[in-house]
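One structure is given below, encoded as structure tokens.
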Amino acid sequence: MPSTRDIRRRIKSVKNTAQITKAMQMVASAKMRKAQQAALAGRPYATLMNEVMAAATAGAGEFQHPLAEKREVKKRALIIISTDKGLCGALNTNLLREAAKVPPATTVYVVAGRKAAQWVARTKRELVAEFSFKDSPQFAEARAISKFAQELFLSGQVDAVDVVFTNYINTLTQKAEVRPLLPMGRIQKLEANLSGPGTSEDLQPGSASEFSFEPAAGQLLGNLLPHYLNFQVYQVLLEAKASEHSARMVAMKSATDNAKQLIKDLTLEYNKLRQANITKELLEITSAAMAMGN
Amino acid sequence: MATLKLEIVTPEARIYSEEVDMVTLPGLEGEMGIFPMHIPLMTQITHGEISVRKGGQDHFLAVGEGFVEITGARVAILTDMAIRADDIDEARAEEARKAAEARLAQKLGDEEQAVAQASLMHSLTQLNLKRRQRR
């Protein structure tokens, strides 16, 4: 049976923890709003980009770009976009479980984010490059990753590049997803469902054949493809960041709630114990008085 | 009279979305003017100025490299930078130009070089537009 002092100490320590998690929740929610806005702001661009891509691909006809070359997949590269810090619930666990499904023997890994780097090192998989990205992802950071992936692919070291990241659906839901990046051809079929609800409805690639091109469609497509890829990676980074902050906010909120519940329970127990002690003392006094009186 | 819907989007935001009478774009092979009912065209633009005629008045924007989709009723521009002439802060653009030049002068990796070059082009474009307007 703990003494009242033990319980008082316990309450104090839980209160301190609650304060910390509350503060982290506030920080995460502020960052989350920013990250969500950034992720949403990129969507009109993505939509338009898809239209232009679809039209250019249709207009280019037989033109084959090296980035779109399909080869038998002997070696594949997996880009893992994780967070740098923990305390964001099951986010990284889910992400890495998804990443672990890819057979490690034929895969090389490119990571962005410290958690993924640690995982690759711990499980002794083959790491080829490690990138970092800031709290508000810059286009340049995305370009560095995408450029590296393109070089891997073009030099023939890998025959396919996939990216695994946490897709932002809403504040409460984030989903770990594997999305094919290279060769380019594979990406378009997925395009409709990848950017989430509300972005792909005005996609209309059918009218493409009417377009004329300047410069020629093939050349235009050649210029467009790398840029398209960069932007894909950029969007992935934004989504991952939005997911991270949402997940962290939710995790911290439930931690705060749990702490509050614990404080409530402990306080109740403390009061019971205190009351019991008082009653016991009173009982002792009265029985002593009665014994004296006789 | 027919109008064109001009849309300019960057990865960060939708910069411009209005009905206009005419647009002039900095194409790869020189300037091109787009009127309503233009034939559908896909093209690329380079660093430069977009001039927009709307209700008898000309507005200017500085833009970076990008892609343009033109249909009879719409001009959609995808670019990495777009800023209205009125919003250009000359002092800041000048500062950015100096910073970019300083970075270019150092020994840099490929990637950083490209970033610095791009930001130099951005600030130069903005400055050029501002200077031309004053004349």
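Lettering and numbering for the structure tokens are positional, with chains as A, B, ... in the shown order, residues counted from 1 in each chain, and ligands counted from 1 in the shown order.
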
Interface, chain B side, toward chain A (6 Å; only C-alpha atoms) as a VMD selection string: chain B and resid 9 11 to 13 40 to 43

DSSP helix (DSSP H, G or I) selection over range 43-131 of chain B, as a ChimeraX atom specification: /B:85-87,90-105,110-131

Output file for the residues above (C-alpha atoms, as an mmCIF file, in the first residue's frame):
data_model
loop_
_atom_site.group_PDB
_atom_site.id
_atom_site.type_symbol
_atom_site.label_atom_id
_atom_site.label_comp_id
_atom_site.auth_asym_id
_atom_site.auth_seq_id
_atom_site.Cartn_x
_atom_site.Cartn_y
_atom_site.Cartn_z
ATOM 1 C CA ALA B 85 5.856 43.635 -61.099
ATOM 2 C CA ASP B 86 4.212 45.593 -58.288
ATOM 3 C CA ASP B 87 5.252 42.988 -55.742
ATOM 4 C CA GLU B 90 13.984 45.757 -55.699
ATOM 5 C CA ALA B 91 16.257 45.950 -52.682
ATOM 6 C CA ARG B 92 15.636 42.321 -51.850
ATOM 7 C CA ALA B 93 16.096 41.205 -55.434
ATOM 8 C CA GLU B 94 19.372 43.089 -55.579
ATOM 9 C CA GLU B 95 20.466 41.456 -52.347
ATOM 10 C CA ALA B 96 19.521 38.039 -53.666
ATOM 11 C CA ARG B 97 21.485 38.728 -56.839
ATOM 12 C CA LYS B 98 24.612 39.617 -54.843
ATOM 13 C CA ALA B 99 24.211 36.580 -52.597
ATOM 14 C CA ALA B 100 23.778 34.291 -55.595
ATOM 15 C CA GLU B 101 26.796 35.772 -57.357
ATOM 16 C CA ALA B 102 28.888 35.358 -54.234
ATOM 17 C CA ARG B 103 27.852 31.730 -53.965
ATOM 18 C CA LEU B 104 28.611 31.118 -57.629
ATOM 19 C CA ALA B 105 32.095 32.526 -57.124
ATOM 20 C CA ASP B 110 26.864 20.487 -59.229
ATOM 21 C CA GLU B 111 23.653 20.694 -57.286
ATOM 22 C CA GLU B 112 24.511 23.843 -55.341
ATOM 23 C CA GLN B 113 25.802 25.445 -58.509
ATOM 24 C CA ALA B 114 22.462 24.831 -60.173
ATOM 25 C CA VAL B 115 20.549 26.263 -57.225
ATOM 26 C CA ALA B 116 22.687 29.382 -57.098
ATOM 27 C CA GLN B 117 22.435 29.824 -60.860
ATOM 28 C CA ALA B 118 18.660 29.540 -60.684
ATOM 29 C CA SER B 119 18.308 32.048 -57.889
ATOM 30 C CA LEU B 120 20.637 34.415 -59.763
ATOM 31 C CA MET B 121 18.437 34.165 -62.843
ATOM 32 C CA HIS B 122 15.345 34.775 -60.719
ATOM 33 C CA SER B 123 16.665 37.943 -59.163
ATOM 34 C CA LEU B 124 18.076 39.212 -62.468
ATOM 35 C CA THR B 125 14.726 38.727 -64.157
ATOM 36 C CA GLN B 126 12.977 40.650 -61.430
ATOM 37 C CA LEU B 127 15.499 43.483 -61.545
ATOM 38 C CA ASN B 128 15.363 43.767 -65.323
ATOM 39 C CA LEU B 129 11.604 44.038 -65.310
ATOM 40 C CA LYS B 130 11.646 46.684 -62.601
ATOM 41 C CA ARG B 131 14.283 48.757 -64.386
#

Within 12 Å of Leu91 in chain A using only C-alpha atoms, minus same-chain residues under 6 positions, as an MDAnalysis selection string: chainID A and resid 81:85 97:98 115:116 165:168 172:177 240:251

Kindly save the residues from that selection, with C-alpha atoms included, as a PDB file, in the first residue's frame.
ATOM      1  CA  ILE A  81      11.270   8.993 -46.716  1.00  0.00           C
ATOM      2  CA  SER A  82      11.065   8.891 -42.923  1.00  0.00           C
ATOM      3  CA  THR A  83      11.173  11.385 -40.095  1.00  0.00           C
ATOM      4  CA  ASP A  84      14.247  12.566 -38.247  1.00  0.00           C
ATOM      5  CA  LYS A  85      12.704  12.392 -34.807  1.00  0.00           C
ATOM      6  CA  ARG A  97       7.106  -2.406 -42.251  1.00  0.00           C
ATOM      7  CA  GLU A  98       6.103  -1.388 -45.758  1.00  0.00           C
ATOM      8  CA  LYS A 115      14.954   6.989 -38.733  1.00  0.00           C
ATOM      9  CA  ALA A 116      15.171   5.253 -42.080  1.00  0.00           C
ATOM     10  CA  PHE A 165       6.655   7.375 -47.793  1.00  0.00           C
ATOM     11  CA  THR A 166       3.696   8.250 -45.615  1.00  0.00           C
ATOM     12  CA  ASN A 167       0.879   9.716 -47.618  1.00  0.00           C
ATOM     13  CA  TYR A 168      -1.102  12.417 -45.898  1.00  0.00           C
ATOM     14  CA  LEU A 172      -5.958  11.347 -38.194  1.00  0.00           C
ATOM     15  CA  THR A 173      -5.050   9.116 -41.100  1.00  0.00           C
ATOM     16  CA  GLN A 174      -1.683   8.694 -42.746  1.00  0.00           C
ATOM     17  CA  LYS A 175      -0.895   5.746 -44.908  1.00  0.00           C
ATOM     18  CA  ALA A 176       2.478   4.252 -45.706  1.00  0.00           C
ATOM     19  CA  GLU A 177       2.681   3.804 -49.464  1.00  0.00           C
ATOM     20  CA  ALA A 240       5.622  13.040 -45.642  1.00  0.00           C
ATOM     21  CA  LYS A 241       6.187  16.184 -43.599  1.00  0.00           C
ATOM     22  CA  ALA A 242       2.487  16.863 -43.251  1.00  0.00           C
ATOM     23  CA  SER A 243       1.991  13.263 -42.126  1.00  0.00           C
ATOM     24  CA  GLU A 244       4.809  13.483 -39.626  1.00  0.00           C
ATOM     25  CA  HIS A 245       3.491  16.567 -37.905  1.00  0.00           C
ATOM     26  CA  SER A 246      -0.083  15.314 -37.891  1.00  0.00           C
ATOM     27  CA  ALA A 247       0.974  11.986 -36.431  1.00  0.00           C
ATOM     28  CA  ARG A 248       3.090  13.674 -33.816  1.00  0.00           C
ATOM     29  CA  MET A 249       0.295  16.007 -32.823  1.00  0.00           C
ATOM     30  CA  VAL A 250      -2.158  13.144 -32.447  1.00  0.00           C
ATOM     31  CA  ALA A 251       0.347  11.054 -30.478  1.00  0.00           C
TER      32      ALA A 251
END

Which of range 60-273 of chain A DSSP labels strand (DSSP E), written as a PyMOL selection string: chain A and resi 76-81+107-112+127-131+160-168+174-182+212-214

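If only C-alpha atoms are the atoms counted, then among B:Gly109, B:Gly72, B:Gly33, B:Gly27 the closest residue to His47 in chain B is B:Gly27.
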
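One finds CA of Arg8 in chain A at 7.3 Å from CA of Tyr270 in chain A.
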
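Nearest to Ala117 in chain A of all the residues A:Val102, A:Met290, A:Leu238, A:Ile79 is A:Ile79, based on only C-alpha atoms.
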
Nearest candidate to Ser146 in chain A (options A:Met24, A:Met32, A:Val111, A:Ser254; using only C-alpha atoms): A:Val111

Close residues, Leu182 in chain A itself excluded, 7 Å, only C-alpha atoms, min 4 positions apart in chain, as a ChimeraX atom specification: /A:67,160-162

For the residues in that selection, give me N, CA and C atoms as a PDB file, in the first residue's frame.
ATOM      1  N   LEU A  67      14.495   7.797 -69.637  1.00  0.00           N
ATOM      2  CA  LEU A  67      13.914   7.658 -68.296  1.00  0.00           C
ATOM      3  C   LEU A  67      12.668   6.776 -68.287  1.00  0.00           C
ATOM      4  N   ALA A 160      14.742  -0.161 -61.624  1.00  0.00           N
ATOM      5  CA  ALA A 160      13.496   0.470 -61.217  1.00  0.00           C
ATOM      6  C   ALA A 160      13.749   1.228 -59.926  1.00  0.00           C
ATOM      7  N   VAL A 161      13.034   2.318 -59.746  1.00  0.00           N
ATOM      8  CA  VAL A 161      13.141   3.082 -58.511  1.00  0.00           C
ATOM      9  C   VAL A 161      11.743   3.250 -57.927  1.00  0.00           C
ATOM     10  N   ASP A 162      11.613   2.871 -56.669  1.00  0.00           N
ATOM     11  CA  ASP A 162      10.348   3.088 -55.973  1.00  0.00           C
ATOM     12  C   ASP A 162      10.594   4.024 -54.806  1.00  0.00           C
TER      13      ASP A 162
END

CA of Gln36 in chain A to CA of Met53 in chain A, distance in Å rounded to a single decimal: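 Straight-line distance from CA of Gln36 in chain A to CA of Met53 in chain A works out to 25.3 Å.
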
Pick from B:Ile83, B:Val52, B:Leu4, B:Ile15, whichever lies nearest to Thr71 in chain B using only C-alpha atoms: B:Leu4

Residue nearest Ile77 in chain B among B:Met22, B:Leu6, B:Leu61, B:Ile39 (counting only C-alpha atoms):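 Looking only at the distances to Ile77 in chain B, the closest residue turns out to be B:Leu6.
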
Coordinates-based distance that separates CA of Val120 in chain A from CA of Leu181 in chain A (Å, one decimal): 20.3 Å
